[in-house]
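Colleague: Below is the file model.txt, which contains compact mmCIF, C-alpha atoms.
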# COMPACT_ATOMS: atom_id res chain seq x y z
CA MET A 120 15.21 -56.54 153.19
CA PHE A 121 18.61 -56.23 154.86
CA ASP A 122 18.12 -55.61 158.57
CA PRO A 123 21.37 -54.55 160.31
CA LYS A 124 19.95 -54.99 163.82
CA LYS A 125 18.98 -58.58 163.08
CA GLN A 126 22.33 -59.16 161.41
CA LEU A 127 24.15 -57.76 164.43
CA LYS A 128 22.36 -60.24 166.68
CA LYS A 129 23.32 -63.11 164.38
CA ALA A 130 26.94 -61.95 164.18
CA MET A 131 27.17 -61.69 167.96
CA GLU A 132 25.70 -65.15 168.32
CA LEU A 133 28.39 -66.58 166.09
CA LEU A 134 31.19 -64.65 167.76
CA ARG A 135 30.10 -65.89 171.16
CA VAL A 136 30.39 -69.46 169.91
CA GLY A 137 33.98 -68.86 168.90
CA ASN A 138 35.03 -66.83 171.95
CA PRO A 139 33.97 -68.41 175.24
CA GLN A 140 36.74 -66.50 177.04
CA VAL A 141 34.90 -63.18 176.63
CA THR A 142 32.59 -62.26 179.53
CA ASP A 143 28.91 -61.35 179.21
CA GLU A 144 29.71 -57.80 180.25
CA GLN A 145 32.37 -57.53 177.57
CA TRP A 146 29.93 -58.85 174.98
CA ALA A 147 27.30 -56.33 176.06
CA ASN A 148 29.85 -53.52 175.69
CA THR A 149 31.01 -54.93 172.39
CA GLU A 150 27.49 -55.05 171.01
CA SER A 151 26.73 -51.46 172.02
CA SER A 152 30.05 -50.27 170.58
CA LEU A 153 29.36 -52.08 167.34
CA GLN A 154 25.90 -50.55 167.20
CA GLN A 155 27.47 -47.13 167.66
CA LYS A 156 29.96 -47.75 164.85
CA MET A 157 27.09 -48.85 162.62
CA ASP A 158 25.17 -45.68 163.40
CA GLU A 159 28.24 -43.55 162.74
CA ALA A 160 29.24 -45.23 159.46
CA PRO A 161 29.43 -42.64 156.67
CA LEU A 162 26.40 -42.59 154.40
CA PRO A 163 26.69 -44.68 151.24
CA THR A 164 27.71 -42.63 148.23
CA ILE A 165 26.65 -43.19 144.64
CA ALA A 166 27.64 -41.48 141.41
CA LEU A 167 25.04 -41.31 138.68
CA ILE A 168 26.46 -40.70 135.23
CA GLY A 169 24.34 -40.06 132.19
CA LEU A 170 22.88 -37.55 129.77
CA ALA A 171 19.83 -35.53 130.78
CA GLY A 172 16.64 -37.49 130.21
CA VAL A 173 18.25 -40.90 130.37
CA GLY A 174 16.38 -41.73 133.57
CA LYS A 175 18.84 -41.14 136.42
CA SER A 176 16.21 -39.81 138.84
CA SER A 177 13.71 -42.53 138.05
CA THR A 178 16.47 -45.13 138.51
CA ILE A 179 17.42 -43.86 141.94
CA ASN A 180 13.75 -43.69 142.95
CA ALA A 181 13.19 -47.22 141.63
CA LEU A 182 16.11 -48.64 143.62
CA PHE A 183 15.88 -46.65 146.84
CA ASN A 184 12.34 -45.39 147.15
CA ALA A 185 10.18 -48.28 145.95
CA GLY A 186 9.62 -46.43 142.68
CA ALA A 187 7.86 -43.47 144.27
CA ALA A 188 9.11 -40.14 142.94
CA VAL A 189 8.92 -38.52 146.33
CA GLY A 190 12.45 -39.12 147.52
CA HIS A 191 13.76 -36.09 149.36
CA TYR A 192 16.69 -34.29 147.72
CA ARG A 193 18.66 -31.59 149.45
CA PRO A 194 21.95 -29.93 148.58
CA CYS A 195 24.87 -31.54 150.32
CA THR A 196 27.55 -29.31 151.79
CA GLN A 197 29.66 -31.82 153.66
CA PHE A 198 31.57 -32.91 150.54
CA ALA A 199 33.31 -30.94 147.82
CA GLN A 200 31.01 -30.21 144.90
CA PRO A 201 31.87 -32.07 141.72
CA LEU A 202 33.43 -29.92 138.99
CA GLU A 203 30.20 -30.27 137.06
CA GLY A 204 26.88 -31.78 137.94
CA ASP A 205 25.08 -31.82 141.28
CA LEU A 206 25.72 -33.21 144.70
CA PHE A 207 22.83 -33.89 147.02
CA GLU A 208 21.67 -35.97 149.92
CA TYR A 209 18.91 -38.30 148.83
CA THR A 210 16.48 -39.68 151.37
CA GLY A 211 14.29 -42.58 150.38
CA ARG A 212 11.87 -44.52 152.56
CA ARG A 213 14.63 -46.49 154.26
CA GLY A 214 17.33 -43.90 154.72
CA SER A 215 19.73 -41.44 153.18
CA MET A 216 22.72 -41.51 150.90
CA ILE A 217 24.94 -39.09 149.05
CA VAL A 218 24.40 -38.85 145.31
CA TYR A 219 26.75 -37.27 142.78
CA ASP A 220 24.70 -36.57 139.67
CA MET A 221 27.17 -36.21 136.82
CA PRO A 222 26.74 -35.38 133.15
CA GLY A 223 26.95 -37.96 130.39
CA LEU A 224 29.16 -37.94 127.33
CA GLY A 225 28.59 -37.37 123.66
CA GLU A 226 27.20 -33.82 123.44
CA ASN A 227 30.46 -32.37 122.12
CA LEU A 228 34.21 -32.94 122.49
CA ALA A 229 34.92 -29.86 124.62
CA ALA A 230 32.19 -30.78 127.09
CA ASP A 231 33.42 -34.38 127.18
CA GLU A 232 36.90 -33.17 128.14
CA ARG A 233 35.46 -31.34 131.14
CA HIS A 234 33.36 -34.33 132.09
CA TYR A 235 36.42 -36.63 132.14
CA ASP A 236 37.93 -34.34 134.79
CA THR A 237 34.71 -34.49 136.79
CA TYR A 238 34.66 -38.28 136.68
CA PHE A 239 38.27 -38.55 137.69
CA ASP A 240 37.74 -36.16 140.58
CA THR A 241 34.52 -37.79 141.81
CA LEU A 242 34.79 -41.54 141.27
CA PRO A 243 37.45 -42.09 143.94
CA LYS A 244 35.01 -40.60 146.50
CA VAL A 245 32.05 -42.87 145.83
CA ASP A 246 31.19 -46.42 146.82
CA VAL A 247 29.73 -47.24 143.44
CA ALA A 248 28.80 -45.54 140.18
CA ILE A 249 25.82 -46.23 137.94
CA TRP A 250 26.44 -45.20 134.36
CA VAL A 251 22.97 -44.94 132.84
CA VAL A 252 22.59 -45.26 129.07
CA ASP A 253 19.55 -45.34 126.82
CA ALA A 254 19.02 -48.98 125.95
CA PRO A 255 18.60 -48.65 122.20
CA SER A 256 21.74 -46.51 121.93
CA ARG A 257 24.85 -47.98 120.31
CA THR A 258 26.92 -44.83 120.80
CA ILE A 259 29.45 -46.36 123.12
CA SER A 260 32.73 -44.92 121.84
CA PRO A 261 32.70 -41.79 124.11
CA ILE A 262 32.28 -44.13 127.08
CA GLU A 263 35.15 -46.31 125.89
CA VAL A 264 37.41 -43.23 125.60
CA ALA A 265 36.44 -42.12 129.10
CA LEU A 266 37.08 -45.55 130.55
CA ARG A 267 40.48 -45.80 128.87
CA ARG A 268 41.47 -42.47 130.37
CA LEU A 269 40.10 -43.28 133.78
CA ARG A 270 41.95 -46.55 133.86
CA ARG A 271 45.17 -44.92 132.76
CA MET A 272 44.85 -42.15 135.35
CA GLY A 273 43.29 -44.00 138.26
CA GLY A 274 43.82 -47.70 137.68
CA ALA A 275 41.37 -50.54 137.25
CA SER A 276 39.84 -49.96 140.68
CA LEU A 277 38.05 -46.84 139.42
CA ILE A 278 36.51 -48.75 136.52
CA ASP A 279 35.58 -51.60 138.79
CA LYS A 280 33.20 -49.32 140.69
CA ILE A 281 30.99 -48.76 137.66
CA VAL A 282 27.78 -50.58 136.77
CA PHE A 283 26.62 -49.92 133.21
CA ALA A 284 22.86 -49.71 133.37
CA ALA A 285 20.90 -49.74 130.12
CA ASN A 286 17.55 -48.13 130.93
CA LYS A 287 14.30 -48.04 128.93
CA ILE A 288 14.77 -51.61 127.79
CA ASP A 289 11.01 -51.77 127.18
CA ARG A 290 11.55 -49.63 124.07
CA VAL A 291 13.90 -51.96 122.21
CA HIS A 292 13.03 -53.60 118.91
CA PRO A 293 10.32 -54.22 117.82
CA GLY A 294 9.21 -51.29 119.99
CA GLU A 295 7.41 -50.34 123.17
CA THR A 296 4.07 -51.64 121.89
CA ALA A 297 5.52 -55.17 121.90
CA TRP A 298 6.03 -55.09 125.68
CA LEU A 299 3.71 -57.60 127.38
CA LYS A 300 1.99 -55.11 129.66
CA GLN A 301 -0.22 -57.65 131.38
CA ALA A 302 2.79 -59.67 132.53
CA ASN A 303 5.16 -56.67 132.57
CA ILE A 304 7.85 -58.59 130.74
CA PRO A 305 9.37 -58.25 127.25
CA SER A 306 7.86 -60.05 124.30
CA PRO A 307 9.92 -62.97 122.97
CA GLU A 308 11.20 -60.70 120.15
CA GLN A 309 12.24 -58.05 122.65
CA GLU A 310 13.87 -60.66 124.84
CA GLU A 311 16.03 -61.68 121.89
CA THR A 312 16.92 -58.03 121.26
CA ILE A 313 17.78 -57.55 124.94
CA HIS A 314 20.04 -60.60 124.82
CA LEU A 315 21.83 -59.27 121.74
CA TYR A 316 22.10 -55.75 123.17
CA THR A 317 23.55 -57.07 126.41
CA ARG A 318 26.15 -59.00 124.42
CA PHE A 319 26.89 -55.89 122.38
CA LEU A 320 27.52 -53.81 125.51
CA GLU A 321 29.64 -56.50 127.14
CA GLU A 322 31.78 -56.82 124.04
CA ALA A 323 32.01 -53.07 123.42
CA LEU A 324 33.07 -52.36 127.00
CA GLY A 325 35.03 -55.56 127.46
CA ALA A 326 38.36 -54.06 126.43
CA GLU A 327 38.23 -51.51 129.25
CA VAL A 328 36.06 -53.15 131.90
CA PRO A 329 37.69 -56.01 133.81
CA ARG A 330 34.47 -57.96 134.40
CA ALA A 331 32.11 -56.65 131.77
CA GLN A 332 29.71 -59.57 132.11
CA ASP A 333 29.16 -58.67 135.75
CA SER A 334 28.90 -54.97 135.04
CA VAL A 335 26.10 -54.63 132.47
CA VAL A 336 22.38 -54.69 133.29
CA CYS A 337 19.44 -53.98 131.00
CA TYR A 338 16.40 -52.71 132.86
CA SER A 339 13.45 -50.35 132.82
CA ALA A 340 13.02 -47.99 135.74
CA THR A 341 9.48 -47.04 134.81
CA ARG A 342 8.39 -50.66 134.22
CA ARG A 343 10.41 -51.72 137.31
CA TYR A 344 11.85 -54.46 135.15
CA ASN A 345 15.06 -56.25 136.22
CA LEU A 346 15.64 -53.86 139.15
CA GLU A 347 16.59 -56.67 141.54
CA LEU A 348 19.44 -57.63 139.24
CA LEU A 349 20.53 -54.00 138.93
CA MET A 350 20.53 -53.61 142.71
CA GLU A 351 22.49 -56.85 143.09
CA LYS A 352 25.16 -55.58 140.70
CA VAL A 353 25.28 -52.20 142.41
CA GLY A 354 26.01 -53.93 145.71
CA ALA A 355 28.56 -56.22 144.09
CA HIS A 356 30.56 -53.24 142.79
CA ALA A 357 30.66 -51.45 146.15
CA PRO A 358 33.57 -51.97 148.57
CA GLU A 359 33.14 -55.27 150.35
CA ASN A 360 32.83 -53.75 153.81
CA ARG A 361 30.35 -51.05 152.68
CA ALA A 362 27.91 -52.86 150.39
CA TRP A 363 25.63 -53.50 153.38
CA LEU A 364 25.15 -49.74 153.79
CA LEU A 365 23.56 -49.67 150.35
CA GLY A 366 21.53 -52.74 151.27
CA ARG A 367 20.30 -50.92 154.36
CA VAL A 368 18.75 -48.13 152.30
CA ALA A 369 17.72 -50.23 149.30
CA ASP A 370 13.99 -50.22 148.65
CA VAL A 371 13.55 -51.78 145.24
CA ALA A 372 10.28 -51.15 143.42
CA ASP A 373 8.32 -54.36 142.89
CA PHE A 374 7.70 -55.08 139.21
CA THR A 375 4.76 -57.33 140.07
CA ASP A 376 2.81 -54.24 141.18
CA LEU A 377 2.40 -53.60 137.45
CA VAL A 378 1.36 -57.18 136.60
CA ASP A 379 -2.25 -58.20 135.99
CA PRO A 380 -3.37 -59.61 139.38
CA ARG A 381 -5.13 -62.48 137.61
CA LEU A 382 -1.79 -63.71 136.29
CA LEU A 383 -0.27 -63.59 139.77
CA GLU A 384 -3.25 -65.41 141.19
CA TRP A 385 -3.06 -68.06 138.47
CA ILE A 386 0.65 -68.61 139.15
CA LYS A 387 -0.06 -68.83 142.85
CA SER A 388 -2.64 -71.54 142.23
CA ASN A 389 -0.91 -73.46 139.45
CA ARG A 390 2.81 -72.94 139.68
CA ARG A 391 3.41 -72.26 143.34
CA HIS A 392 6.51 -73.88 144.78
CA ALA A 393 7.24 -75.53 141.46
CA ASP A 394 10.79 -74.52 142.15
CA ASP A 395 12.31 -73.63 145.51
CA GLY A 396 14.22 -70.72 144.04
CA ARG A 397 11.07 -68.93 143.02
CA ARG A 398 9.04 -66.74 145.27
CA ALA A 399 5.34 -67.24 145.63
CA PRO A 400 3.53 -64.14 144.45
CA MET B 164 0.31 -59.20 122.42
CA SER B 165 -1.55 -56.00 121.78
CA HIS B 166 -4.76 -57.23 123.37
CA ASP B 167 -5.53 -58.41 126.89
CA ILE B 168 -5.73 -62.14 127.39
CA SER B 169 -7.71 -64.21 129.92
CA PRO B 170 -7.14 -67.55 131.64
CA GLY B 171 -9.06 -69.36 128.91
CA ASP B 172 -6.81 -68.09 126.12
CA ALA B 173 -4.19 -70.32 124.54
CA GLU B 174 -1.39 -67.82 125.28
CA TRP B 175 -2.21 -67.59 128.96
CA ASP B 176 -0.15 -70.56 130.19
CA VAL B 177 2.85 -69.61 128.09
CA ILE B 178 2.89 -66.05 129.35
CA ALA B 179 2.24 -67.12 132.94
CA ASP B 180 5.18 -69.54 132.72
CA ARG B 181 7.48 -66.85 131.37
CA LEU B 182 6.37 -64.48 134.12
CA HIS B 183 6.85 -67.16 136.74
CA SER B 184 10.32 -67.87 135.45
CA PHE B 185 11.24 -64.18 135.55
CA MET B 186 9.85 -63.85 139.09
CA GLY B 187 12.12 -66.73 140.05
CA LYS B 188 15.14 -64.94 138.60
CA MET B 189 14.33 -61.75 140.49
CA SER B 190 13.81 -63.68 143.70
CA ALA B 191 17.13 -65.47 143.28
CA SER B 192 18.85 -62.16 142.61
CA ASP B 193 17.31 -60.66 145.74
CA THR B 194 18.46 -63.65 147.79
CA ARG B 195 22.01 -63.37 146.47
CA ARG B 196 22.11 -59.67 147.25
CA LEU B 197 20.92 -60.14 150.81
CA ALA B 198 23.51 -62.86 151.29
CA ALA B 199 26.23 -60.58 149.92
CA ASP B 200 25.04 -57.77 152.21
CA GLU B 201 25.35 -60.15 155.11
CA VAL B 202 28.95 -60.98 154.24
CA SER B 203 29.68 -57.29 153.73
CA PHE B 204 28.20 -56.50 157.13
CA ARG B 205 30.39 -59.08 158.80
CA LYS B 206 33.43 -57.64 157.05
CA PHE B 207 32.51 -54.30 158.55
CA CYS B 208 31.95 -55.91 161.96
CA SER B 209 35.27 -57.72 161.88
CA VAL B 210 37.18 -54.50 161.29
CA ALA B 211 35.20 -52.67 163.96
CA LEU B 212 35.60 -55.56 166.39
CA GLN B 213 39.38 -55.44 166.26
CA SER B 214 39.39 -51.93 167.67
CA ILE B 215 36.55 -52.56 170.13
CA ALA B 216 38.20 -55.67 171.53
CA GLU B 217 41.47 -53.82 171.91
CA MET B 218 39.68 -51.04 173.75
CA LEU B 219 37.83 -53.48 176.03
CA GLY B 220 40.97 -55.49 176.74
CA TYR B 221 40.26 -58.86 175.22
CA THR B 222 41.18 -60.72 172.07
CA VAL B 223 38.58 -61.92 169.61
CA LYS B 224 39.59 -65.27 168.25
CA ASN B 225 38.80 -66.61 164.83
CA ILE B 226 38.04 -63.31 163.12
CA ASP B 227 39.18 -64.78 159.83
CA GLU B 228 37.08 -67.84 160.45
CA PHE B 229 34.19 -65.59 161.38
CA ILE B 230 34.26 -64.21 157.85
CA ARG B 231 34.83 -67.62 156.27
CA ASP B 232 32.02 -69.15 158.28
CA MET B 233 29.76 -66.39 157.08
CA ARG B 234 30.64 -67.09 153.46
CA TYR B 235 29.90 -70.73 154.18
CA ALA B 236 26.62 -69.79 155.85
CA VAL B 237 25.63 -67.73 152.84
CA ASN B 238 26.06 -70.75 150.60
CA LYS B 239 24.91 -73.50 152.92
CA GLY B 240 22.42 -71.83 155.23
CA TRP B 241 22.74 -70.06 158.54
CA GLN B 242 22.47 -73.12 160.79
CA ASN B 243 25.21 -74.84 158.84
CA GLY B 244 27.38 -71.79 159.43
CA ILE B 245 26.78 -72.06 163.17
CA GLU B 246 27.60 -75.77 163.08
CA ARG B 247 30.76 -75.08 161.18
CA ALA B 248 31.75 -72.37 163.66
CA LYS B 249 31.20 -74.82 166.51
CA ALA B 250 33.28 -77.46 164.75
CA ASN B 251 36.05 -74.93 164.15
CA ARG B 252 36.02 -73.98 167.81
CA LEU B 253 36.64 -77.60 168.76
CA ARG B 254 39.32 -78.00 166.18
CA PRO B 255 42.74 -78.48 167.79
What would the structure in this file look like if it were written as structure tokens?

Modeller:
Amino acid sequence: MFDPKKQLKKAMELLRVGNPQVTDEQWANTESSLQQKMDEAPLPTIALIGLAGVGKSSTINALFNAGAAVGHYRPCTQFAQPLEGDLFEYTGRRGSMIVYDMPGLGENLAADERHYDTYFDTLPKVDVAIWVVDAPSRTISPIEVALRRLRRMGGASLIDKIVFAANKIDRVHPGETAWLKQANIPSPEQEETIHLYTRFLEEALGAEVPRAQDSVVCYSATRRYNLELLMEKVGAHAPENRAWLLGRVADVADFTDLVDPRLLEWIKSNRRHADDGRRAP
Amino acid sequence: MSHDISPGDAEWDVIADRLHSFMGKMSASDTRRLAADEVSFRKFCSVALQSIAEMLGYTVKNIDEFIRDMRYAVNKGWQNGIERAKANRLRP
């Protein structure tokens, strides 16, 4: 959990080391001024792009409200409404952010044309965008067209804000029944499909997305699968001096809540600390 | 696996190992994100500090190093970052 107060203390500690000429009083004033600037920093803003039913709400709840569907939504009036879609202030357990909920592509050409305008109008205003697609879908061409246009009109920086998030990965071949529910992980067959699907998305988007390999995540919001990686990529696509604002409100649902406790207990007893990079359950 | 398994079953160890491995990946991802948030926060601080220091009438030295030290600290651990900052301070 990112704790800005703790981080401020650490930052001040380091600055003091490098600046012995600054008095204690000046440091005290500096710290309170920095705290004020932190408190006054504009809320993080996220665009969610995707067709109805693709799982945008469950994704936002999974990343910013520990998976509980009780995040508070209220209409936001402090920013211009997008041309289409909704704009609201979302409050999870750890704080608020502004969310632009925008329509996905592929319903029909006329609608897509309107949506391009919405994207072009909205993306410059957000810190990061999550483009949610249904994992089994291979209908990527409307997205490629949109990206080509966005890049032509707004430059690569607009595209660089987007994380392509393939939701419902638990449904991929050979199907949802193959998911290892006890461990809450894909079966070996599904893992192979996920690998191939990830490669497919990276290659399909690669022509338009500067760092496609860093921009694609396969996950399941309802299974809470791979959410840490999705949140990492969301932060990595935000402006460098604002990613911490997303970290401040992040509250990622724990996938192990859906794991058989006996498995966790067994790992704790038999595999604990086998590797320093792994967390003990 | 359409049926539940128990610790005595042959598949148990295999599945537990796969789960353990995935938990490790998620933990590593979480660690990287927190580290990146820390760097991001210091970027924010460094910009804010410039104006605060100007307002309070002093100059903050080593702002660039402050960021670099933080990147170093992210990779090598916080205490190493402090040590590096101290060494930089003594650097002629």

Colleague: For a quick test of understanding: name the residues of chain B lying within 6 Å of chain A when counting all atoms listed in the file, and present them as a list in words.

Modeller: Gly187, Met189, Ser190, Ser192, Asp193, Arg196, Asp200, Ser203, Phe204, Lys206, Phe207 and Arg252 of chain B

Colleague: Could you check the closest approach to Phe198 of chain A for each of A:Val368, A:Val218, A:Arg233, A:Ser256 and tell me which residue wins, using all atoms listed in the file?

Modeller: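 Under the stated criterion, the closest residue is A:Val218.
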
Colleague: Would you mind reading off the distance between atom CA of Gly225 of chain A and atom CA of Leu170 of chain A, one decimal, in Å?

Modeller: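 That distance, rounded to one decimal, is 8.4 Å.
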
Colleague: What is the distance, in Å and to one decimal place, between atom CA of Ile288 of chain A and atom CA of Arg195 of chain B?

Modeller: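 Atom CA of Arg195 of chain B lies at a distance of 23.2 Å from atom CA of Ile288 of chain A.
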
Colleague: Pick from A:Ser276, A:Gln197, A:Thr312, A:Ser339: nearest to Pro293 of chain A, with only C-alpha atoms counted?

Modeller: A:Thr312

Colleague: Figure out the distance between atom CA of Lys280 of chain A and atom CA of Arg343 of chain A, please, to one decimal in Å.

Modeller: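 One can read the atom CA of Arg343 of chain A to atom CA of Lys280 of chain A distance as 23.2 Å.
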